[in-house]
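Colleague: One structure is given below, represented as C-alpha cells, and several questions about it will come after.
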Amino acid sequence: MATKILLLGFLALTCSLASASDSSPLQDFCVADPNGPVKVNGFACKNAMAVQASDFSFGGLHITGNTSNPVGSRVTPVTVAQVAGLNTLGISLARIDYAPKGINPPHTHPRASEILTVVDGSLEVGFVTSNPDNRLIATVLQKGDVFVFPVGLIHFQRNVGKGSAIAIAALSSQNPGVITIANAVFGSKPDISTDILGKAFQVDNSVIAKLQAKF
Ligand SMILES: *[C@@H]1O[C@H](CO)[C@@H](O)[C@H](O)[C@H]1NC(C)=O
C-alpha cells in the first residue's frame, strides 16, 4: 500500500515536471568543443579542466552595428557560436542596430522565444499568430519598453524614431536559428519553382521571377 502511494506520488511529480519544461543540464556547464568528433544535440563538451573565463565572455556589444545595407539594420548575435559556454544552457543575446526607417525584416526563430528591450530610439514591433487567424499583434515601443515574440512566430521591427535605434534581445536557446522569410522563400538555393510560388502568392510568375532575382 505504502509502495503504491509512493509510486503514485512519484508519477505525479515526474509528470508535472515533464510538462513544466525541458530537462535541465546534468552538469555545471558544457563549454562547446566545436571540433569535437562526437555530434550530440548541440556541441560536445570541452574538457572541464581546460575551461577558462573567456569561454563564458564576449566583448563588443557596445559597438554600433553597420546598418549600411538594403534593410537598414544589423544584428550582432551572442549565441553559442560566439560564446562556447552557452552550449546546453538554452539562452542567448543579440544587439540590433537600426538606421532611421530601418527594419529587421519578417523572420522567425525556430527554437526560441525572444524578449526585446529598446535601449535607444523608438521601434514599431509585431508578430503574426499562426493559421487560421494570422492576427497581427503590433505596437510602438519607446526607450526602456520591452516586447515578447513567442517561439516560432513571424515577427519584425521597424525604426519609427527620428534618429537611429538600438535594441537588446534575449532568446531562450543557445542556438535560436533564424529564418528570414523573404530570403528563405525567394532566395533558396536552388530556387523554389516559380510556378509553385506564383500559385502560392497568387501572382503572375514574372512577379516571382523579379523577387527571386533580388534575393
Ligand atoms: C558598412 O558596410 C558597407 C556595406 O557593406 C561598407 O561599404 C562600409 O565600408 C561599412 N562601414 C564600416 C564603417 O565598416
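Following the order of the C-alpha cells, chains are lettered A, B, ..., residues in each are numbered from 1, and ligands are numbered from 1.
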For Val207 of chain A, please output as number ranges by chain all residues within 10 Å (counting only C-alpha atoms; exclusion window: fewer than 6 positions along the same chain).

Modeller: A: 194, 197-198, 201

Colleague: Report the closest atom pair, with its distance in Å rounded to one decimal, for each residue of segment 157-195 of chain A that has an atom no farther than 7 Å from segment 97-103 of chain A; count only C-alpha atoms, sort by chain and then rising residue number, and write it as a tab-separated table.

Modeller:
residue	atom	partner	partner_atom	distance
A:Gln157	CA	A:Ile103	CA	5.6
A:Arg158	CA	A:Ile103	CA	4.2
A:Asn159	CA	A:Lys101	CA	5.0
A:Val160	CA	A:Lys101	CA	6.0
A:Gly161	CA	A:Pro100	CA	6.9
A:Lys162	CA	A:Pro100	CA	6.5
A:Gly163	CA	A:Pro100	CA	5.4
A:Ser164	CA	A:Ala99	CA	4.7
A:Ala165	CA	A:Tyr98	CA	5.0
A:Ile166	CA	A:Asp97	CA	4.8
A:Ala167	CA	A:Asp97	CA	6.7

Colleague: Could you give me the residues within 7 Å of ligand 1, counting only C-alpha atoms and all ligand atoms, as a PyMOL selection string?

Modeller: chain A and resi 66-69

Colleague: Based on the selection just made, write N, CA, C and O atoms of those residues as a short mmCIF file (atom, residue, chain, number, x, y, z; two decimals), in the first residue's frame.

Modeller:
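Once everything was written out, this is out.cif:
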data_model
loop_
_atom_site.label_atom_id
_atom_site.label_comp_id
_atom_site.auth_asym_id
_atom_site.auth_seq_id
_atom_site.Cartn_x
_atom_site.Cartn_y
_atom_site.Cartn_z
N ASN A 66 26.94 47.93 -38.30
CA ASN A 66 26.91 48.62 -39.60
C ASN A 66 25.54 48.39 -40.27
O ASN A 66 25.23 47.28 -40.70
N THR A 67 24.77 49.46 -40.37
CA THR A 67 23.40 49.33 -40.93
C THR A 67 23.34 49.75 -42.40
O THR A 67 22.24 49.94 -42.93
N SER A 68 24.52 49.91 -43.04
CA SER A 68 24.54 50.28 -44.48
C SER A 68 24.24 49.05 -45.32
O SER A 68 25.14 48.42 -45.88
N ASN A 69 22.99 48.69 -45.40
CA ASN A 69 22.53 47.54 -46.20
C ASN A 69 21.08 47.80 -46.58
O ASN A 69 20.47 48.75 -46.05
#

Colleague: Give the helix (DSSP H, G or I) residues of chain A, as assigned by DSSP on the backbone, as an MDAnalysis selection string.

Modeller: chainID A and resid 2:20 48:50 53:56 84:86 181:186 194:201 205:214

Colleague: For Ile91 of chain A, which residue among A:Leu171, A:Leu26, A:Val75, A:Val125 is the nearest when counting only C-alpha atoms?

Modeller: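 For Ile91 of chain A, the nearest of the given residues is A:Leu171.
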
Colleague: Could you check how far atom CA of Asp145 of chain A sits from atom CA of Ala81 of chain A, in Å to one decimal?

Modeller: 28.0 Å

Colleague: Which of these, A:Phe156, A:Pro70, A:Asp120, A:Val148, has the shortest distance to Lys214 of chain A once you count only C-alpha atoms?

Modeller: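 Using only C-alpha atoms, Lys214 of chain A sits closest to A:Pro70.
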
Colleague: Which distance in Å separates atom CA of Leu153 of chain A and atom CA of Thr180 of chain A, to one decimal?

Modeller: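 A separation of 11.6 Å between them.
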
Colleague: What lies within 8 Å of Glu114 of chain A using only C-alpha atoms, ignoring chain neighbours under 6 positions off, as a PyMOL selection string?

Modeller: chain A and resi 148-151+169-172

Colleague: Enumerate, as a PyMOL selection string, the complete set of residues in segment 48-204 of chain A that a backbone-based DSSP assignment places in strand (DSSP E).

Modeller: chain A and resi 73-78+92-98+103-108+114-120+122-128+136-142+146-149+154-159+165-171+179-180
